[in-house]
Amino acid sequence: MLRNSTRRGRPAAGAAGRPRVTMSGHHTPDPVWTARRRALDQHIRPTRAEIDLGALEQNYLSLRQWAPGLEVLAMVKANAYGHGATAVAHRLEEAGVRLLGVALVEEGMELRNAGVRAPVLVMGGSYQGGYEAMVERDLTATVFREDHIDALAAAARRAGKTVAAHLKVDTGMGRLGASMEELPRVLDRLRRHPEIRLEGLASHLASADVEDSPQTRAQLERWEVARKRVEEAGFRPALRHLSNSSALLGLPEGRGGGAFNLARPGLALYGLAPAPWLEGRARLSPVLSWKTGIIHLKEVPAGATVSYGATWTAERPSRIATLPVGYADGYWRAYSNRASVLVRGLRAPVVGRVCMDMCMVDVTDVRDAAVGDEVVLIGRQGGESISASELAKLAGTIHYEVLCGVGARVPRVAV
Ligand SMILES: *Cc1c(COP(=O)(O)O)cnc(C)c1O
């Protein structure tokens with residue numbers, strides 16, 4: 001949720017608790033959650049994630065330029081990779097995005113509750129009861145089993161609507177989708193349900209982030225077979241898509257052409273290349289900066305230790321700053337004694353264990369560091385920068401997880 005007051009002269013679009021469009025239906029905000037949300041948005045603690053919506057829009061335009069023949073389905077699942085789904089969705093909607101993608105029915109409902117009107121594709125399949133909610137909120141279902149198709153058709157009939165759906169085929173990801181063997185039966189079932197209009201055909205690549213991957217080649221061959229079977233069964237899905245950010249940036253055919261006409265980038269929209277070999281292909285800049293401030297400073301003598309377990313000992317008289325961010329915010333304990341932060345444009349190392357709500361940094365070499373100074377955890381300050389990828393390496397994970405991990409306790413602020 002982004003604070004209204006930070007939107008610099010633009011009207012608040014779907015800010016917390018203030019939907020642009022009031023949706024009818026059963027959803028009533030949980031009062032406890034709403035109260036907590038409002039309290040967290042008070043910004044008493046200096047820790048915040050700044051979301052550069054201008055950079056987001058520029059990344060979207062850069063990807064359109066990179067692949068002029070493709071439309072874009074913007075993946076905004078997982079709270080838009082930690083960036084705040086409603087504000088991100090509103091901005092991309094204004095920029096003309098063709099579709100938005102979420103993993104959960106609930107995520108789609110959140111977008112509708114916030115007044116997002118763009119088509120939303122629920123990619124994660126569904127569970128019992130999800131079809132009613134999808135039909136009611138005009139969320140597009142991904143189907144790949146006969147029981148999905150029956151349940152979606154029944155929900156559509158009850159609502160007196162015709163609904164769009166995308167069919168997913170498993171070409172080798174091994175997660176969701178009809179197998180090549182199941183495909184004829186699934187298509188047969190679709191033909192029997194005129195309430196469902198097959199708008200899209202989808203698959204997902206397992207190794208698109210690997211250069212010249214034989215697995216990707218095999219998946220693309222299977223995709224061609226699936227596409228022909230779907231056409232032979234009499235369907236002409238208007239949208240055909242299997243590219244994530246890696247395939248969009250890395251595959252020769254990822255930029256457009258016959259096989260697909262829609263790409264589903266997530267990470268690239270947020271300004272990061274999925275893998276080093278894909279850097280610099282389209283002009284992208286990171287959307288999220290994670291900042292906090294110094295809330296306490298102290299001088300310690302050589303030999304003093306810092307934080308739980310005394311894992312760091314001062315080798316010289318040192319100045320230690322305390323920051324109000326910890327692993328409960330997604331600043332992982334794995335960063336203990338490894339990560340750096342930026343203070344006054346200089347790197348300062350994290351010393352001792354990262355705690356649940358706080359961590360300490362050594363600012364002995366940062367002249368004039370003071371209580372109240374802004375501290376950058378991810379982002380730029382002066383000539384220095386720290387990327388989500390840098391932190392990911394320290395924690396033995398990927399940048400995706402670092403971004404998604406920025407906790408619900410951290411307010412998102414549009415800049
Ligand atoms: C998350 C996801 C994407 C986007 O992946 P990126 O690597 O972030 O571009 C695309 N398609 C599906 C099915 C996904 O789950």
# chains A, B, ... in the order shown; residues from 1 in each chain; ligands from 1
>>> residues_around(residues="Ile294 of chain A", least_positions_apart="5", cutoff="9 Å", atoms="only C-alpha atoms", output="ChimeraX atom specification")
/A:46,321-324,343,369-375
>>> residues_around(residues="segment 172-183 of chain A", least_positions_apart="2", cutoff="8 Å", atoms="only C-alpha atoms", output="number ranges by chain")
A: 124-125, 143-145, 167-170, 185-187, 203-206, 215, 219, 226
>>> write_last_selection(atoms="N, CA and C atoms", output="PDB file, in the first residue's frame")
ATOM      1  N   GLY A 124      -2.050 -19.537 -11.249  1.00  0.00           N
ATOM      2  CA  GLY A 124      -1.706 -20.645 -10.366  1.00  0.00           C
ATOM      3  C   GLY A 124      -2.716 -21.775 -10.345  1.00  0.00           C
ATOM      4  N   GLY A 125      -3.605 -21.824 -11.313  1.00  0.00           N
ATOM      5  CA  GLY A 125      -4.649 -22.831 -11.243  1.00  0.00           C
ATOM      6  C   GLY A 125      -5.634 -22.417 -10.179  1.00  0.00           C
ATOM      7  N   VAL A 143      -6.811 -23.002 -17.008  1.00  0.00           N
ATOM      8  CA  VAL A 143      -7.370 -24.351 -16.838  1.00  0.00           C
ATOM      9  C   VAL A 143      -6.471 -25.365 -17.529  1.00  0.00           C
ATOM     10  N   PHE A 144      -6.469 -26.593 -17.004  1.00  0.00           N
ATOM     11  CA  PHE A 144      -5.703 -27.637 -17.677  1.00  0.00           C
ATOM     12  C   PHE A 144      -6.180 -29.037 -17.329  1.00  0.00           C
ATOM     13  N   ARG A 145      -7.276 -29.124 -16.551  1.00  0.00           N
ATOM     14  CA  ARG A 145      -7.840 -30.434 -16.240  1.00  0.00           C
ATOM     15  C   ARG A 145      -9.316 -30.409 -16.562  1.00  0.00           C
ATOM     16  N   LEU A 167      -5.658 -21.966 -21.517  1.00  0.00           N
ATOM     17  CA  LEU A 167      -5.314 -23.380 -21.342  1.00  0.00           C
ATOM     18  C   LEU A 167      -3.807 -23.491 -21.167  1.00  0.00           C
ATOM     19  N   LYS A 168      -3.413 -24.195 -20.129  1.00  0.00           N
ATOM     20  CA  LYS A 168      -1.980 -24.363 -19.895  1.00  0.00           C
ATOM     21  C   LYS A 168      -1.550 -25.777 -20.270  1.00  0.00           C
ATOM     22  N   VAL A 169      -0.448 -25.857 -20.988  1.00  0.00           N
ATOM     23  CA  VAL A 169       0.118 -27.165 -21.322  1.00  0.00           C
ATOM     24  C   VAL A 169       1.480 -27.292 -20.638  1.00  0.00           C
ATOM     25  N   ASP A 170       1.750 -28.482 -20.168  1.00  0.00           N
ATOM     26  CA  ASP A 170       3.046 -28.744 -19.532  1.00  0.00           C
ATOM     27  C   ASP A 170       4.000 -29.247 -20.611  1.00  0.00           C
ATOM     28  N   ARG A 185      -8.037 -34.897 -24.601  1.00  0.00           N
ATOM     29  CA  ARG A 185      -9.239 -35.009 -23.761  1.00  0.00           C
ATOM     30  C   ARG A 185      -9.654 -33.663 -23.195  1.00  0.00           C
ATOM     31  N   VAL A 186      -8.662 -32.869 -22.807  1.00  0.00           N
ATOM     32  CA  VAL A 186      -8.954 -31.542 -22.245  1.00  0.00           C
ATOM     33  C   VAL A 186      -9.596 -30.652 -23.319  1.00  0.00           C
ATOM     34  N   LEU A 187      -9.073 -30.746 -24.530  1.00  0.00           N
ATOM     35  CA  LEU A 187      -9.647 -29.945 -25.623  1.00  0.00           C
ATOM     36  C   LEU A 187     -11.076 -30.386 -25.926  1.00  0.00           C
ATOM     37  N   SER A 203       2.254 -21.919 -21.651  1.00  0.00           N
ATOM     38  CA  SER A 203       3.135 -22.917 -21.059  1.00  0.00           C
ATOM     39  C   SER A 203       4.212 -22.151 -20.290  1.00  0.00           C
ATOM     40  N   HIS A 204       5.094 -22.874 -19.641  1.00  0.00           N
ATOM     41  CA  HIS A 204       6.107 -22.186 -18.830  1.00  0.00           C
ATOM     42  C   HIS A 204       7.437 -22.909 -18.993  1.00  0.00           C
ATOM     43  N   LEU A 205       8.514 -22.145 -19.130  1.00  0.00           N
ATOM     44  CA  LEU A 205       9.835 -22.716 -19.366  1.00  0.00           C
ATOM     45  C   LEU A 205      10.580 -22.920 -18.048  1.00  0.00           C
ATOM     46  N   ALA A 206      11.272 -24.045 -17.959  1.00  0.00           N
ATOM     47  CA  ALA A 206      11.967 -24.373 -16.710  1.00  0.00           C
ATOM     48  C   ALA A 206      13.381 -23.792 -16.657  1.00  0.00           C
ATOM     49  N   GLN A 215      17.018 -28.004 -22.790  1.00  0.00           N
ATOM     50  CA  GLN A 215      15.669 -28.200 -22.246  1.00  0.00           C
ATOM     51  C   GLN A 215      14.698 -27.184 -22.846  1.00  0.00           C
ATOM     52  N   GLN A 219      11.353 -27.913 -24.991  1.00  0.00           N
ATOM     53  CA  GLN A 219      10.048 -27.365 -24.597  1.00  0.00           C
ATOM     54  C   GLN A 219       9.414 -26.588 -25.752  1.00  0.00           C
ATOM     55  N   ALA A 226       1.828 -28.784 -29.385  1.00  0.00           N
ATOM     56  CA  ALA A 226       0.602 -28.449 -28.643  1.00  0.00           C
ATOM     57  C   ALA A 226      -0.213 -27.408 -29.396  1.00  0.00           C
TER      58      ALA A 226
END
>>> closest_residue(among="A:Ser318, A:Ser207, A:Asn113, A:Thr140", to="Val361 of chain A", atoms="only C-alpha atoms")
A:Ser318
>>> residues_around(residues="Ala154 of chain A", least_positions_apart="5", cutoff="9 Å", atoms="only C-alpha atoms", output="PyMOL selection string")
chain A and resi 131-132+149+159+195
>>> write_last_selection(atoms="C-alpha atoms", output="PDB file, in the first residue's frame")
ATOM      1  CA  TYR A 131     -14.181 -20.455  -9.785  1.00  0.00           C
ATOM      2  CA  GLU A 132     -17.165 -18.593  -8.328  1.00  0.00           C
ATOM      3  CA  ILE A 149     -13.239 -26.888 -17.078  1.00  0.00           C
ATOM      4  CA  ALA A 159     -23.659 -16.362 -13.139  1.00  0.00           C
ATOM      5  CA  GLU A 195     -19.690 -20.857 -21.710  1.00  0.00           C
TER       6      GLU A 195
END
>>> closest_atom_pairs(of="chain A", to="ligand 1", cutoff="9 Å", atoms="only C-alpha atoms and all ligand atoms", output="Markdown table")
| residue | atom | partner | partner_atom_place_in_ligand_line | distance |
| --- | --- | --- | --- | --- |
| A:Leu73 | CA | ligand 1 | 10 (C) | 8.7 |
| A:Ala74 | CA | ligand 1 | 4 (C) | 8.1 |
| A:Met75 | CA | ligand 1 | 4 (C) | 5.7 |
| A:Val76 | CA | ligand 1 | 1 (C) | 8.4 |
| A:Lys77 | CA | ligand 1 | 1 (C) | 7.1 |
| A:Ala78 | CA | ligand 1 | 1 (C) | 8.9 |
| A:Tyr81 | CA | ligand 1 | 8 (O) | 8.2 |
| A:Gly101 | CA | ligand 1 | 11 (N) | 8.1 |
| A:Val102 | CA | ligand 1 | 15 (O) | 8.1 |
| A:Ala103 | CA | ligand 1 | 15 (O) | 6.8 |
| A:Met123 | CA | ligand 1 | 13 (C) | 6.0 |
| A:Gly124 | CA | ligand 1 | 15 (O) | 7.3 |
| A:Leu176 | CA | ligand 1 | 13 (C) | 8.9 |
| A:Ala202 | CA | ligand 1 | 13 (C) | 8.4 |
| A:Ser203 | CA | ligand 1 | 13 (C) | 7.3 |
| A:His204 | CA | ligand 1 | 13 (C) | 5.6 |
| A:Leu205 | CA | ligand 1 | 11 (N) | 8.2 |
| A:Ala208 | CA | ligand 1 | 7 (O) | 8.6 |
| A:Asp209 | CA | ligand 1 | 7 (O) | 8.2 |
| A:His241 | CA | ligand 1 | 11 (N) | 8.8 |
| A:Leu242 | CA | ligand 1 | 11 (N) | 7.0 |
| A:Ser243 | CA | ligand 1 | 10 (C) | 6.7 |
| A:Asn244 | CA | ligand 1 | 9 (O) | 3.9 |
| A:Ser245 | CA | ligand 1 | 9 (O) | 3.5 |
| A:Ser246 | CA | ligand 1 | 7 (O) | 6.0 |
| A:Ala247 | CA | ligand 1 | 9 (O) | 8.2 |
| A:Leu248 | CA | ligand 1 | 9 (O) | 8.2 |
| A:Ala263 | CA | ligand 1 | 10 (C) | 8.1 |
| A:Arg264 | CA | ligand 1 | 10 (C) | 4.9 |
| A:Pro265 | CA | ligand 1 | 9 (O) | 3.7 |
| A:Gly266 | CA | ligand 1 | 8 (O) | 3.4 |
| A:Leu267 | CA | ligand 1 | 8 (O) | 3.8 |
| A:Ala268 | CA | ligand 1 | 9 (O) | 6.1 |
| A:Leu269 | CA | ligand 1 | 9 (O) | 7.9 |
| A:Tyr270 | CA | ligand 1 | 8 (O) | 8.7 |
| A:Ala273 | CA | ligand 1 | 7 (O) | 8.9 |
| A:Pro274 | CA | ligand 1 | 7 (O) | 6.3 |
| A:Tyr400 | CA | ligand 1 | 8 (O) | 7.4 |
>>> write_last_selection(atoms="C-alpha atoms", output="PDB file, in the first residue's frame")
ATOM      1  CA  LEU A  73       1.166  -9.636 -19.459  1.00  0.00           C
ATOM      2  CA  ALA A  74       2.737  -8.027 -16.394  1.00  0.00           C
ATOM      3  CA  MET A  75       3.287 -10.462 -13.545  1.00  0.00           C
ATOM      4  CA  VAL A  76       2.190  -8.784 -10.322  1.00  0.00           C
ATOM      5  CA  LYS A  77       1.944 -11.925  -8.191  1.00  0.00           C
ATOM      6  CA  ALA A  78       3.366 -11.992  -4.665  1.00  0.00           C
ATOM      7  CA  TYR A  81       7.437  -9.146  -6.165  1.00  0.00           C
ATOM      8  CA  GLY A 101      -0.877 -11.924 -13.994  1.00  0.00           C
ATOM      9  CA  VAL A 102      -1.265 -13.225 -10.457  1.00  0.00           C
ATOM     10  CA  ALA A 103      -0.669 -16.600  -8.855  1.00  0.00           C
ATOM     11  CA  MET A 123      -1.940 -18.392 -13.360  1.00  0.00           C
ATOM     12  CA  GLY A 124      -1.706 -20.645 -10.366  1.00  0.00           C
ATOM     13  CA  LEU A 176       1.052 -27.222 -13.869  1.00  0.00           C
ATOM     14  CA  ALA A 202       0.124 -20.940 -22.165  1.00  0.00           C
ATOM     15  CA  SER A 203       3.135 -22.917 -21.059  1.00  0.00           C
ATOM     16  CA  HIS A 204       6.107 -22.186 -18.830  1.00  0.00           C
ATOM     17  CA  LEU A 205       9.835 -22.716 -19.366  1.00  0.00           C
ATOM     18  CA  ALA A 208      15.001 -20.034 -19.796  1.00  0.00           C
ATOM     19  CA  ASP A 209      17.635 -18.362 -17.606  1.00  0.00           C
ATOM     20  CA  HIS A 241       2.459 -17.125 -24.291  1.00  0.00           C
ATOM     21  CA  LEU A 242       5.321 -18.929 -22.574  1.00  0.00           C
ATOM     22  CA  SER A 243       8.047 -16.323 -22.074  1.00  0.00           C
ATOM     23  CA  ASN A 244       9.087 -15.155 -18.637  1.00  0.00           C
ATOM     24  CA  SER A 245      11.669 -12.351 -18.387  1.00  0.00           C
ATOM     25  CA  SER A 246      14.533 -14.690 -19.292  1.00  0.00           C
ATOM     26  CA  ALA A 247      12.874 -15.972 -22.457  1.00  0.00           C
ATOM     27  CA  LEU A 248      11.793 -12.470 -23.441  1.00  0.00           C
ATOM     28  CA  ALA A 263       5.226 -12.289 -22.947  1.00  0.00           C
ATOM     29  CA  ARG A 264       4.872 -12.591 -19.189  1.00  0.00           C
ATOM     30  CA  PRO A 265       7.737 -10.664 -17.615  1.00  0.00           C
ATOM     31  CA  GLY A 266       7.950 -10.241 -13.892  1.00  0.00           C
ATOM     32  CA  LEU A 267      11.463  -9.527 -12.675  1.00  0.00           C
ATOM     33  CA  ALA A 268      12.476  -7.441 -15.720  1.00  0.00           C
ATOM     34  CA  LEU A 269       9.570  -5.059 -15.093  1.00  0.00           C
ATOM     35  CA  TYR A 270      10.997  -4.484 -11.642  1.00  0.00           C
ATOM     36  CA  ALA A 273      17.963  -9.026 -15.269  1.00  0.00           C
ATOM     37  CA  PRO A 274      17.135 -12.616 -14.297  1.00  0.00           C
ATOM     38  CA  TYR A 400      13.685 -12.807  -6.671  1.00  0.00           C
TER      39      TYR A 400
END
>>> residues_around(residues="Val88 of chain A", least_positions_apart="6", cutoff="12 Å", atoms="only C-alpha atoms", output="CSV table (one decimal) with N, CA and C atoms, in the first residue's frame")
chain,number,residue,atom,x,y,z
A,1,MET,N,0.9,-1.2,0.0
A,1,MET,CA,0.0,0.0,0.0
A,1,MET,C,0.9,1.2,0.0
A,2,LEU,N,0.6,2.2,-0.8
A,2,LEU,CA,1.4,3.4,-0.9
A,2,LEU,C,0.6,4.5,-0.2
A,13,ALA,N,-4.5,6.3,-6.3
A,13,ALA,CA,-5.2,5.3,-7.0
A,13,ALA,C,-5.2,4.0,-6.2
A,14,GLY,N,-6.4,3.7,-5.6
A,14,GLY,CA,-6.5,2.5,-4.9
A,14,GLY,C,-5.6,2.4,-3.7
A,15,ALA,N,-5.4,3.4,-3.0
A,15,ALA,CA,-4.6,3.3,-1.8
A,15,ALA,C,-5.3,2.5,-0.7
A,51,ILE,N,9.3,2.9,-3.9
A,51,ILE,CA,8.9,2.3,-5.2
A,51,ILE,C,8.8,3.4,-6.2
A,52,ASP,N,9.8,3.3,-7.2
A,52,ASP,CA,9.9,4.3,-8.3
A,52,ASP,C,8.9,3.9,-9.4
A,53,LEU,N,7.7,4.4,-9.4
A,53,LEU,CA,6.7,4.0,-10.4
A,53,LEU,C,7.1,4.5,-11.8
A,54,GLY,N,7.8,5.6,-11.8
A,54,GLY,CA,8.3,6.1,-13.1
A,54,GLY,C,9.3,5.1,-13.7
A,55,ALA,N,10.2,4.5,-12.9
A,55,ALA,CA,11.1,3.5,-13.4
A,55,ALA,C,10.3,2.3,-13.9
A,56,LEU,N,9.3,1.9,-13.1
A,56,LEU,CA,8.4,0.8,-13.5
A,56,LEU,C,7.9,1.0,-14.9
A,57,GLU,N,7.3,2.2,-15.1
A,57,GLU,CA,6.7,2.5,-16.4
A,57,GLU,C,7.7,2.5,-17.5
A,60,TYR,N,8.6,-1.0,-18.4
A,60,TYR,CA,7.5,-1.6,-19.3
A,60,TYR,C,7.7,-1.1,-20.7
A,74,ALA,N,1.8,-8.4,-17.5
A,74,ALA,CA,2.7,-8.0,-16.4
A,74,ALA,C,2.5,-8.9,-15.2
A,75,MET,N,3.5,-9.6,-14.7
A,75,MET,CA,3.3,-10.5,-13.5
A,75,MET,C,3.3,-9.6,-12.3
A,76,VAL,N,2.3,-9.6,-11.6
A,76,VAL,CA,2.2,-8.8,-10.3
A,76,VAL,C,1.9,-9.7,-9.1
A,77,LYS,N,2.2,-11.0,-9.3
A,77,LYS,CA,1.9,-11.9,-8.2
A,77,LYS,C,2.8,-11.6,-7.0
A,78,ALA,N,2.6,-12.2,-5.9
A,78,ALA,CA,3.4,-12.0,-4.7
A,78,ALA,C,3.6,-10.5,-4.4
A,79,ASN,N,2.4,-9.8,-4.3
A,79,ASN,CA,2.5,-8.3,-4.0
A,79,ASN,C,3.4,-7.6,-5.0
A,80,ALA,N,3.3,-8.0,-6.3
A,80,ALA,CA,4.2,-7.4,-7.3
A,80,ALA,C,5.7,-7.6,-6.9
A,81,TYR,N,6.1,-8.8,-6.6
A,81,TYR,CA,7.4,-9.1,-6.2
A,81,TYR,C,7.9,-8.2,-5.0
A,82,GLY,N,6.9,-8.0,-4.1
A,82,GLY,CA,7.3,-7.2,-2.9
A,82,GLY,C,7.1,-5.7,-3.1
A,94,GLU,N,-2.5,2.2,-16.4
A,94,GLU,CA,-2.4,3.6,-17.0
A,94,GLU,C,-1.5,3.5,-18.2
A,95,ALA,N,-0.4,2.7,-18.1
A,95,ALA,CA,0.5,2.7,-19.2
A,95,ALA,C,0.0,1.8,-20.4
A,97,VAL,N,-1.1,-1.7,-20.2
A,97,VAL,CA,-0.7,-3.1,-20.2
A,97,VAL,C,-1.9,-3.9,-20.7
A,100,LEU,N,-2.7,-8.4,-16.6
A,100,LEU,CA,-1.9,-8.6,-15.4
A,100,LEU,C,-2.0,-10.0,-15.0
A,101,GLY,N,-0.9,-10.5,-14.4
A,101,GLY,CA,-0.9,-11.9,-14.0
A,101,GLY,C,-0.7,-12.1,-12.5
A,111,LEU,N,-6.7,-7.0,-6.3
A,111,LEU,CA,-6.6,-6.0,-7.4
A,111,LEU,C,-8.0,-5.4,-7.7
A,114,ALA,N,-9.2,-3.0,-5.2
A,114,ALA,CA,-8.5,-1.7,-5.3
A,114,ALA,C,-8.9,-1.0,-6.5
A,116,VAL,N,-8.8,-2.1,-9.8
A,116,VAL,CA,-8.1,-2.4,-11.1
A,116,VAL,C,-9.1,-3.0,-12.0
A,266,GLY,N,8.1,-10.7,-15.3
A,266,GLY,CA,7.9,-10.2,-13.9
A,266,GLY,C,9.2,-9.4,-13.5
A,269,LEU,N,10.4,-6.3,-15.3
A,269,LEU,CA,9.6,-5.1,-15.1
A,269,LEU,C,10.0,-4.3,-13.8
A,270,TYR,N,10.5,-5.1,-12.9
A,270,TYR,CA,11.0,-4.5,-11.6
A,270,TYR,C,12.5,-4.0,-11.8
A,287,VAL,N,13.4,-0.8,-9.5
A,287,VAL,CA,12.2,0.0,-9.1
A,287,VAL,C,12.2,0.2,-7.6
A,288,LEU,N,12.7,-0.8,-6.9
A,288,LEU,CA,12.7,-0.8,-5.4
A,288,LEU,C,14.0,-0.3,-4.8
A,412,ARG,N,5.5,0.6,1.9
A,412,ARG,CA,5.9,0.9,0.5
A,412,ARG,C,5.5,2.3,0.2
A,413,VAL,N,6.5,3.1,-0.3
A,413,VAL,CA,6.2,4.5,-0.5
A,413,VAL,C,6.5,4.8,-2.0
A,414,ALA,N,5.5,5.4,-2.7
A,414,ALA,CA,5.8,5.7,-4.1
A,414,ALA,C,6.6,7.0,-4.1
>>> closest_residue(among="A:Arg91, A:Asp41, A:Gly293, A:Asp138", to="Arg112 of chain A", atoms="only C-alpha atoms")
A:Asp138
>>> closest_residue(among="A:Ala282, A:Leu262, A:Leu104, A:Ala408", to="Tyr327 of chain A", atoms="only C-alpha atoms")
A:Ala408
